[in-house]
Amino acid sequence: MARNDDNNKMSREEAGRMGGEATARTHDKEFYQEIGEKGGEARGGSNNRGQSGDRDGMSREEAGRKGGRS
C-alpha cells in the first residue's frame with residue numbers, strides 16, 4: 001500500500017482507490033450511466049472548444065453519454 005511518511009497516513013492514491021471500490025460495491029450500472037451523462041453535459045458547457053471535441057470529432061457531451069452506457 002502507498003503510505004505517506006507522515007504518521008503512516010493514507011496517500012491520496014490509496015484513498016481514491018478505496019473510495020472507488022466502496023462506490024462500486026454500493027452502486028449499480030445505472031448510477032454510472034447517470035454520472036457519465038451528467039459529466040458529459042457539464043464538460044460540454046464549460047471549457048468549450050466547439051462541437052468537434054476530441055480527435056475523433058465526438059463532442060464531449062456525446063462521449064459522456066457513450067461512457068455512461070459502456
# chains A, B, ... in the order shown; residues from 1 in each chain; ligands from 1
>>> residues_around(residues="segment 62-66 of chain A", least_positions_apart="4", cutoff="6 Å", atoms="only C-alpha atoms", output="JSON list (two decimals) with N, CA and C atoms, in the first residue's frame")
[["chain", "number", "residue", "atom", "x", "y", "z"],
["A", 36, "GLY", "N", -22.08, 9.49, -15.86],
["A", 36, "GLY", "CA", -21.40, 9.66, -17.14],
["A", 36, "GLY", "C", -22.12, 10.68, -18.02],
["A", 37, "GLU", "N", -23.43, 10.61, -18.05],
["A", 37, "GLU", "CA", -24.22, 11.57, -18.82],
["A", 37, "GLU", "C", -24.08, 12.97, -18.24],
["A", 39, "GLY", "N", -21.63, 14.15, -16.47],
["A", 39, "GLY", "CA", -20.28, 14.63, -16.75],
["A", 39, "GLY", "C", -20.14, 15.11, -18.17],
["A", 40, "GLY", "N", -20.73, 14.40, -19.10],
["A", 40, "GLY", "CA", -20.69, 14.81, -20.50],
["A", 40, "GLY", "C", -21.40, 16.13, -20.72]]
>>> atom_distance(atom1="atom CA of Lys38 of chain A", atom2="atom CA of Glu61 of chain A")
8.5 Å
>>> atom_distance(atom1="atom CA of Ser59 of chain A", atom2="atom CA of Glu41 of chain A")
9.9 Å
>>> closest_residue(among="A:Glu14, A:Asp28, A:Glu34, A:Glu21", to="Gly67 of chain A", atoms="only C-alpha atoms")
A:Glu34
>>> closest_residue(among="A:Arg17, A:Arg60, A:His27, A:Lys9", to="Gly44 of chain A", atoms="only C-alpha atoms")
A:Arg60
>>> decode(residues="segment 7-34 of chain A", atoms="N, CA and C atoms", output="mmCIF file, in the first residue's frame")
data_model
loop_
_atom_site.group_PDB
_atom_site.id
_atom_site.type_symbol
_atom_site.label_atom_id
_atom_site.label_comp_id
_atom_site.auth_asym_id
_atom_site.auth_seq_id
_atom_site.Cartn_x
_atom_site.Cartn_y
_atom_site.Cartn_z
ATOM 1 N N ASN A 7 3.234 10.137 9.793
ATOM 2 C CA ASN A 7 2.370 9.416 10.725
ATOM 3 C C ASN A 7 1.622 8.254 10.077
ATOM 4 N N ASN A 8 2.209 7.636 9.056
ATOM 5 C CA ASN A 8 1.613 6.468 8.418
ATOM 6 C C ASN A 8 0.220 6.752 7.850
ATOM 7 N N LYS A 9 0.030 7.969 7.322
ATOM 8 C CA LYS A 9 -1.269 8.361 6.761
ATOM 9 C C LYS A 9 -1.469 7.729 5.383
ATOM 10 N N MET A 10 -2.711 7.604 4.994
ATOM 11 C CA MET A 10 -3.076 7.054 3.698
ATOM 12 C C MET A 10 -2.764 8.089 2.604
ATOM 13 N N SER A 11 -2.245 7.631 1.464
ATOM 14 C CA SER A 11 -1.965 8.531 0.349
ATOM 15 C C SER A 11 -3.261 8.870 -0.387
ATOM 16 N N ARG A 12 -3.219 9.903 -1.179
ATOM 17 C CA ARG A 12 -4.384 10.268 -1.995
ATOM 18 C C ARG A 12 -4.738 9.147 -2.953
ATOM 19 N N GLU A 13 -3.724 8.523 -3.511
ATOM 20 C CA GLU A 13 -3.953 7.417 -4.448
ATOM 21 C C GLU A 13 -4.713 6.283 -3.767
ATOM 22 N N GLU A 14 -4.250 5.914 -2.583
ATOM 23 C CA GLU A 14 -4.900 4.825 -1.863
ATOM 24 C C GLU A 14 -6.319 5.200 -1.431
ATOM 25 N N ALA A 15 -6.491 6.432 -0.963
ATOM 26 C CA ALA A 15 -7.825 6.882 -0.548
ATOM 27 C C ALA A 15 -8.784 6.879 -1.733
ATOM 28 N N GLY A 16 -8.321 7.329 -2.885
ATOM 29 C CA GLY A 16 -9.164 7.333 -4.080
ATOM 30 C C GLY A 16 -9.548 5.939 -4.524
ATOM 31 N N ARG A 17 -8.585 5.025 -4.467
ATOM 32 C CA ARG A 17 -8.858 3.640 -4.849
ATOM 33 C C ARG A 17 -9.883 3.015 -3.910
ATOM 34 N N MET A 18 -9.695 3.230 -2.625
ATOM 35 C CA MET A 18 -10.623 2.650 -1.647
ATOM 36 C C MET A 18 -12.021 3.248 -1.793
ATOM 37 N N GLY A 19 -12.093 4.545 -2.050
ATOM 38 C CA GLY A 19 -13.389 5.175 -2.254
ATOM 39 C C GLY A 19 -14.081 4.674 -3.505
ATOM 40 N N GLY A 20 -13.302 4.492 -4.560
ATOM 41 C CA GLY A 20 -13.861 3.949 -5.797
ATOM 42 C C GLY A 20 -14.382 2.539 -5.632
ATOM 43 N N GLU A 21 -13.640 1.734 -4.883
ATOM 44 C CA GLU A 21 -14.086 0.359 -4.642
ATOM 45 C C GLU A 21 -15.362 0.333 -3.796
ATOM 46 N N ALA A 22 -15.452 1.214 -2.801
ATOM 47 C CA ALA A 22 -16.655 1.277 -1.961
ATOM 48 C C ALA A 22 -17.858 1.716 -2.783
ATOM 49 N N THR A 23 -17.655 2.685 -3.663
ATOM 50 C CA THR A 23 -18.741 3.155 -4.523
ATOM 51 C C THR A 23 -19.199 2.046 -5.456
ATOM 52 N N ALA A 24 -18.262 1.310 -6.014
ATOM 53 C CA ALA A 24 -18.606 0.216 -6.924
ATOM 54 C C ALA A 24 -19.418 -0.867 -6.215
ATOM 55 N N ARG A 25 -19.139 -1.090 -4.937
ATOM 56 C CA ARG A 25 -19.891 -2.109 -4.195
ATOM 57 C C ARG A 25 -21.315 -1.666 -3.895
ATOM 58 N N THR A 26 -21.551 -0.352 -3.788
ATOM 59 C CA THR A 26 -22.858 0.123 -3.339
ATOM 60 C C THR A 26 -23.732 0.698 -4.450
ATOM 61 N N HIS A 27 -23.211 0.801 -5.677
ATOM 62 C CA HIS A 27 -23.997 1.375 -6.781
ATOM 63 C C HIS A 27 -24.032 0.417 -7.956
ATOM 64 N N ASP A 28 -25.082 0.566 -8.773
ATOM 65 C CA ASP A 28 -25.261 -0.313 -9.916
ATOM 66 C C ASP A 28 -24.895 0.392 -11.221
ATOM 67 N N LYS A 29 -25.094 -0.301 -12.321
ATOM 68 C CA LYS A 29 -24.741 0.201 -13.647
ATOM 69 C C LYS A 29 -25.455 1.507 -13.970
ATOM 70 N N GLU A 30 -26.716 1.625 -13.575
ATOM 71 C CA GLU A 30 -27.485 2.835 -13.871
ATOM 72 C C GLU A 30 -26.864 4.075 -13.209
ATOM 73 N N PHE A 31 -26.300 3.913 -12.028
ATOM 74 C CA PHE A 31 -25.633 5.015 -11.336
ATOM 75 C C PHE A 31 -24.486 5.546 -12.188
ATOM 76 N N TYR A 32 -23.663 4.647 -12.706
ATOM 77 C CA TYR A 32 -22.526 5.063 -13.510
ATOM 78 C C TYR A 32 -22.967 5.653 -14.848
ATOM 79 N N GLN A 33 -24.054 5.151 -15.406
ATOM 80 C CA GLN A 33 -24.579 5.732 -16.637
ATOM 81 C C GLN A 33 -25.026 7.162 -16.395
ATOM 82 N N GLU A 34 -25.720 7.381 -15.290
ATOM 83 C CA GLU A 34 -26.225 8.713 -14.968
ATOM 84 C C GLU A 34 -25.091 9.704 -14.737
#
